[in-house]
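Participant: Mind having a look at this structure? Questions to follow.
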Amino acid sequence: SETTKLTLPVVELARANDEFRKVLWTGEQTQLVLMAIPEGGEIGGEVHEGHDQLLYFVAGSGVAKIGETETEIADGDVSIVPSGVFHNFKNTGSGMLKLFTTYSPPEHEPGTEHETKAEAEADD
């Protein structure tokens with residue numbers, strides 16, 4: 001299975017993913033997660049205490065809000081969210097905004113999959 005592989009075609013996997021959240025790998029210190037945000041959707045404003053997060057965008061476009069700063073995001077960009085900083089990411093383009101993200105240390109239970117944001121919120 002994918003979870004046992006330690007080298008993955010992550011951009012290809014992220015572009016093919018249609019689930020809001022899909023945990024690919026969880027280690028002691030880091031976690032790798034695929035995300036897909038539908039047109040007009042958003043991850044939702046949040047703060048992770050004790051977790052740094054890096055988000056690597058591979059398809060679509062949108063707006064990143066990190067702290068007080070808003071920045072346009074597109075395929076090829078990375079957003080850095082230090083621990084304790086408010087953040088939200090909105091899909092403002094056409095088609096899904098697709099990305100892979102790392103949390104250090106892990107944020108979600110290993111194997112977590114959420115088809116939609118609503119499902120993710122119900123699980124929190």
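Each chain of the structure tokens is named A, B, ... in the order shown, its residues numbered from 1; ligands are numbered from 1 in display order.
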Which residues are near region 80-97 of chain A? Cut-off 12 Å, only C-alpha atoms, ignore same chain within fewer than 6 positions. Put them as a ChimeraX atom specification.
Facilitator: /A:14-20,34-74,103-105,107
Participant: Please, could you write that set of residues out with N, CA and C atoms as a compact mmCIF listing (two decimals), in the first residue's frame?
Facilitator:
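Saved the output as out-v3.txt:
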```txt
# COMPACT_ATOMS: atom_id res chain seq x y z
N ALA A 14 -1.33 14.29 -5.31
CA ALA A 14 -2.10 15.47 -4.87
C ALA A 14 -3.02 15.96 -5.99
N ARG A 15 -2.54 15.95 -7.23
CA ARG A 15 -3.37 16.40 -8.37
C ARG A 15 -4.52 15.44 -8.63
N ALA A 16 -4.32 14.15 -8.33
CA ALA A 16 -5.36 13.14 -8.55
C ALA A 16 -6.37 13.09 -7.40
N ASN A 17 -6.02 13.66 -6.25
CA ASN A 17 -6.86 13.57 -5.06
C ASN A 17 -8.06 14.52 -5.13
N ASP A 18 -9.25 14.01 -4.79
CA ASP A 18 -10.46 14.84 -4.72
C ASP A 18 -11.02 14.93 -3.30
N GLU A 19 -10.35 14.30 -2.33
CA GLU A 19 -10.84 14.35 -0.95
C GLU A 19 -10.34 15.61 -0.26
N PHE A 20 -11.17 16.16 0.62
CA PHE A 20 -10.78 17.37 1.38
C PHE A 20 -9.48 17.10 2.13
N LEU A 34 -2.66 14.99 1.88
CA LEU A 34 -3.18 15.58 0.65
C LEU A 34 -4.45 16.35 0.99
N MET A 35 -4.69 17.47 0.29
CA MET A 35 -5.93 18.23 0.46
C MET A 35 -6.44 18.71 -0.89
N ALA A 36 -7.77 18.81 -1.01
CA ALA A 36 -8.41 19.37 -2.20
C ALA A 36 -9.57 20.24 -1.73
N ILE A 37 -9.57 21.49 -2.17
CA ILE A 37 -10.57 22.46 -1.74
C ILE A 37 -11.44 22.82 -2.95
N PRO A 38 -12.75 22.59 -2.86
CA PRO A 38 -13.61 22.86 -4.02
C PRO A 38 -13.69 24.35 -4.36
N GLU A 39 -14.14 24.64 -5.59
CA GLU A 39 -14.33 26.03 -6.03
C GLU A 39 -15.16 26.78 -5.00
N GLY A 40 -14.67 27.97 -4.62
CA GLY A 40 -15.41 28.79 -3.66
C GLY A 40 -15.24 28.34 -2.21
N GLY A 41 -14.55 27.23 -1.99
CA GLY A 41 -14.39 26.69 -0.65
C GLY A 41 -13.15 27.22 0.05
N GLU A 42 -12.97 26.80 1.28
CA GLU A 42 -11.81 27.22 2.07
C GLU A 42 -11.45 26.13 3.06
N ILE A 43 -10.22 26.19 3.56
CA ILE A 43 -9.82 25.26 4.62
C ILE A 43 -10.51 25.67 5.92
N GLY A 44 -10.68 26.97 6.13
CA GLY A 44 -11.31 27.48 7.34
C GLY A 44 -10.26 28.04 8.28
N GLY A 45 -10.53 29.21 8.83
CA GLY A 45 -9.56 29.87 9.70
C GLY A 45 -9.25 29.04 10.92
N GLU A 46 -7.97 28.89 11.21
CA GLU A 46 -7.57 28.08 12.36
C GLU A 46 -6.19 28.47 12.84
N VAL A 47 -5.86 28.00 14.03
CA VAL A 47 -4.53 28.17 14.61
C VAL A 47 -4.09 26.81 15.12
N HIS A 48 -2.88 26.37 14.76
CA HIS A 48 -2.32 25.14 15.33
C HIS A 48 -1.28 25.56 16.36
N GLU A 49 -1.52 25.24 17.62
CA GLU A 49 -0.51 25.49 18.66
C GLU A 49 0.45 24.31 18.69
N GLY A 50 1.74 24.59 18.55
CA GLY A 50 2.72 23.53 18.64
C GLY A 50 2.96 22.76 17.36
N HIS A 51 2.34 23.20 16.25
CA HIS A 51 2.56 22.54 14.95
C HIS A 51 2.96 23.59 13.93
N ASP A 52 4.09 23.37 13.24
CA ASP A 52 4.38 24.14 12.04
C ASP A 52 3.73 23.42 10.87
N GLN A 53 3.25 24.18 9.89
CA GLN A 53 2.60 23.59 8.72
C GLN A 53 3.17 24.21 7.45
N LEU A 54 3.49 23.37 6.47
CA LEU A 54 3.90 23.83 5.15
C LEU A 54 2.88 23.31 4.15
N LEU A 55 2.40 24.19 3.27
CA LEU A 55 1.41 23.81 2.27
C LEU A 55 1.99 24.04 0.89
N TYR A 56 2.02 22.99 0.07
CA TYR A 56 2.60 23.03 -1.28
C TYR A 56 1.46 22.90 -2.29
N PHE A 57 1.22 23.96 -3.05
CA PHE A 57 0.07 23.99 -3.99
C PHE A 57 0.48 23.42 -5.34
N VAL A 58 -0.35 22.52 -5.88
CA VAL A 58 -0.01 21.82 -7.13
C VAL A 58 -1.04 22.02 -8.24
N ALA A 59 -2.19 22.61 -7.93
CA ALA A 59 -3.20 22.88 -8.97
C ALA A 59 -4.19 23.90 -8.43
N GLY A 60 -4.70 24.74 -9.34
CA GLY A 60 -5.70 25.74 -8.97
C GLY A 60 -5.06 27.02 -8.48
N SER A 61 -5.90 27.91 -7.94
CA SER A 61 -5.42 29.18 -7.41
C SER A 61 -6.32 29.64 -6.29
N GLY A 62 -5.79 30.55 -5.49
CA GLY A 62 -6.56 31.00 -4.35
C GLY A 62 -5.86 32.11 -3.60
N VAL A 63 -6.29 32.28 -2.35
CA VAL A 63 -5.73 33.31 -1.48
C VAL A 63 -5.33 32.67 -0.16
N ALA A 64 -4.11 32.97 0.26
CA ALA A 64 -3.61 32.53 1.56
C ALA A 64 -3.71 33.70 2.52
N LYS A 65 -4.30 33.47 3.69
CA LYS A 65 -4.23 34.46 4.77
C LYS A 65 -3.43 33.83 5.90
N ILE A 66 -2.27 34.43 6.19
CA ILE A 66 -1.40 33.95 7.26
C ILE A 66 -1.12 35.15 8.15
N GLY A 67 -1.60 35.08 9.39
CA GLY A 67 -1.57 36.26 10.25
C GLY A 67 -2.46 37.31 9.62
N GLU A 68 -1.95 38.53 9.45
CA GLU A 68 -2.74 39.62 8.85
C GLU A 68 -2.52 39.75 7.35
N THR A 69 -1.63 38.91 6.78
CA THR A 69 -1.22 39.07 5.39
C THR A 69 -2.00 38.16 4.46
N GLU A 70 -2.56 38.75 3.38
CA GLU A 70 -3.23 37.96 2.35
C GLU A 70 -2.36 37.96 1.10
N THR A 71 -2.19 36.77 0.50
CA THR A 71 -1.33 36.60 -0.67
C THR A 71 -2.02 35.68 -1.67
N GLU A 72 -1.93 36.01 -2.95
CA GLU A 72 -2.42 35.11 -4.01
C GLU A 72 -1.55 33.86 -4.02
N ILE A 73 -2.17 32.70 -4.23
CA ILE A 73 -1.44 31.43 -4.32
C ILE A 73 -1.82 30.71 -5.60
N ALA A 74 -0.85 29.97 -6.15
CA ALA A 74 -1.08 29.20 -7.37
C ALA A 74 -0.14 28.00 -7.38
N TYR A 103 2.66 18.58 8.48
CA TYR A 103 2.52 19.08 9.85
C TYR A 103 3.68 18.52 10.66
N SER A 104 4.31 19.38 11.44
CA SER A 104 5.40 18.95 12.31
C SER A 104 5.16 19.53 13.71
N PRO A 105 4.88 18.70 14.70
CA PRO A 105 4.61 17.25 14.65
C PRO A 105 3.23 16.98 14.03
N GLU A 107 -0.65 16.32 13.10
CA GLU A 107 -1.87 16.99 13.57
C GLU A 107 -3.06 16.03 13.59
```
Participant: Any chance you could list, as a list in words, the residues in chain A that come up helix (DSSP H, G or I) when DSSP is run on the backbone?
Facilitator: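 The helix (DSSP H, G or I) residues within chain A come out as Glu2, Thr3, Thr4, Val10, Val11, Glu12, Leu13, Ala14, Arg15, Ala16, Lys117, Ala118, Glu119, Ala120, Glu121, Ala122 and Asp123 of chain A.
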Participant: Residues as selected, N, CA, C and O atoms, written as an mmCIF file, in the first residue's frame, can you do that?
Facilitator:
```cif
data_model
loop_
_atom_site.group_PDB
_atom_site.id
_atom_site.type_symbol
_atom_site.label_atom_id
_atom_site.label_comp_id
_atom_site.auth_asym_id
_atom_site.auth_seq_id
_atom_site.Cartn_x
_atom_site.Cartn_y
_atom_site.Cartn_z
ATOM 1 N N GLU A 2 0.272 2.392 -0.335
ATOM 2 C CA GLU A 2 1.004 3.667 -0.413
ATOM 3 C C GLU A 2 1.673 4.021 0.917
ATOM 4 O O GLU A 2 2.717 4.642 0.941
ATOM 5 N N THR A 3 1.038 3.662 2.016
ATOM 6 C CA THR A 3 1.546 4.089 3.320
ATOM 7 C C THR A 3 2.871 3.435 3.655
ATOM 8 O O THR A 3 3.607 3.945 4.474
ATOM 9 N N THR A 4 3.186 2.301 3.022
ATOM 10 C CA THR A 4 4.455 1.640 3.322
ATOM 11 C C THR A 4 5.580 2.148 2.425
ATOM 12 O O THR A 4 6.734 1.923 2.716
ATOM 13 N N VAL A 10 4.347 12.601 -5.127
ATOM 14 C CA VAL A 10 3.387 13.361 -4.317
ATOM 15 C C VAL A 10 2.601 14.400 -5.121
ATOM 16 O O VAL A 10 1.421 14.610 -4.872
ATOM 17 N N VAL A 11 3.231 15.023 -6.105
ATOM 18 C CA VAL A 11 2.506 16.013 -6.911
ATOM 19 C C VAL A 11 1.403 15.319 -7.709
ATOM 20 O O VAL A 11 0.261 15.776 -7.752
ATOM 21 N N GLU A 12 1.751 14.178 -8.302
ATOM 22 C CA GLU A 12 0.777 13.376 -9.053
ATOM 23 C C GLU A 12 -0.364 12.922 -8.134
ATOM 24 O O GLU A 12 -1.543 13.015 -8.487
ATOM 25 N N LEU A 13 -0.013 12.424 -6.947
ATOM 26 C CA LEU A 13 -1.034 11.975 -5.987
ATOM 27 C C LEU A 13 -1.938 13.135 -5.565
ATOM 28 O O LEU A 13 -3.149 12.983 -5.469
ATOM 29 N N ALA A 14 -1.327 14.292 -5.307
ATOM 30 C CA ALA A 14 -2.104 15.465 -4.873
ATOM 31 C C ALA A 14 -3.021 15.955 -5.994
ATOM 32 O O ALA A 14 -4.170 16.330 -5.737
ATOM 33 N N ARG A 15 -2.538 15.952 -7.233
ATOM 34 C CA ARG A 15 -3.370 16.399 -8.367
ATOM 35 C C ARG A 15 -4.520 15.444 -8.630
ATOM 36 O O ARG A 15 -5.579 15.854 -9.086
ATOM 37 N N ALA A 16 -4.322 14.150 -8.331
ATOM 38 C CA ALA A 16 -5.363 13.142 -8.553
ATOM 39 C C ALA A 16 -6.373 13.086 -7.397
ATOM 40 O O ALA A 16 -7.461 12.536 -7.549
ATOM 41 N N LYS A 117 -15.105 19.058 3.737
ATOM 42 C CA LYS A 117 -14.832 19.897 4.897
ATOM 43 C C LYS A 117 -15.847 19.615 6.004
ATOM 44 O O LYS A 117 -15.498 19.538 7.183
ATOM 45 N N ALA A 118 -17.116 19.436 5.631
ATOM 46 C CA ALA A 118 -18.174 19.155 6.625
ATOM 47 C C ALA A 118 -17.855 17.869 7.382
ATOM 48 O O ALA A 118 -18.007 17.801 8.604
ATOM 49 N N GLU A 119 -17.395 16.841 6.670
ATOM 50 C CA GLU A 119 -17.019 15.579 7.300
ATOM 51 C C GLU A 119 -15.826 15.791 8.235
ATOM 52 O O GLU A 119 -15.792 15.231 9.330
ATOM 53 N N ALA A 120 -14.876 16.619 7.806
ATOM 54 C CA ALA A 120 -13.710 16.912 8.640
ATOM 55 C C ALA A 120 -14.131 17.605 9.936
ATOM 56 O O ALA A 120 -13.653 17.272 11.012
ATOM 57 N N GLU A 121 -15.050 18.578 9.817
ATOM 58 C CA GLU A 121 -15.498 19.317 10.997
ATOM 59 C C GLU A 121 -16.264 18.429 11.941
ATOM 60 O O GLU A 121 -16.159 18.550 13.159
ATOM 61 N N ALA A 122 -17.049 17.494 11.408
ATOM 62 C CA ALA A 122 -17.817 16.556 12.231
ATOM 63 C C ALA A 122 -16.890 15.636 13.026
ATOM 64 O O ALA A 122 -17.225 15.191 14.118
ATOM 65 N N ASP A 123 -15.708 15.383 12.479
ATOM 66 C CA ASP A 123 -14.740 14.466 13.093
ATOM 67 C C ASP A 123 -13.869 15.161 14.134
ATOM 68 O O ASP A 123 -13.243 14.512 14.943
#
```
Participant: Let me make sure I understand: among A:Thr7, A:Arg21, A:Ser79, A:Thr26, which one has the smallest atom-to-atom distance to Glu109 (chain A) if we use only C-alpha atoms?
Facilitator: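 Among the listed residues, A:Thr26 lies closest to Glu109 (chain A).
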Participant: So which residues of chain A fall under strand (DSSP E) by DSSP, listed as number ranges by chain?
Facilitator: A: 21-26, 31-37, 52-59, 61-66, 69-74, 78-81, 87-91, 97-104, 113-114
Participant: Out of A:Leu6, A:Val23, A:Val33, A:Val78, which residue has the shortest atom-to-atom distance to Thr102 (chain A) when counting only C-alpha atoms?
Facilitator: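 For Thr102 (chain A), the nearest of the candidates is A:Val33.
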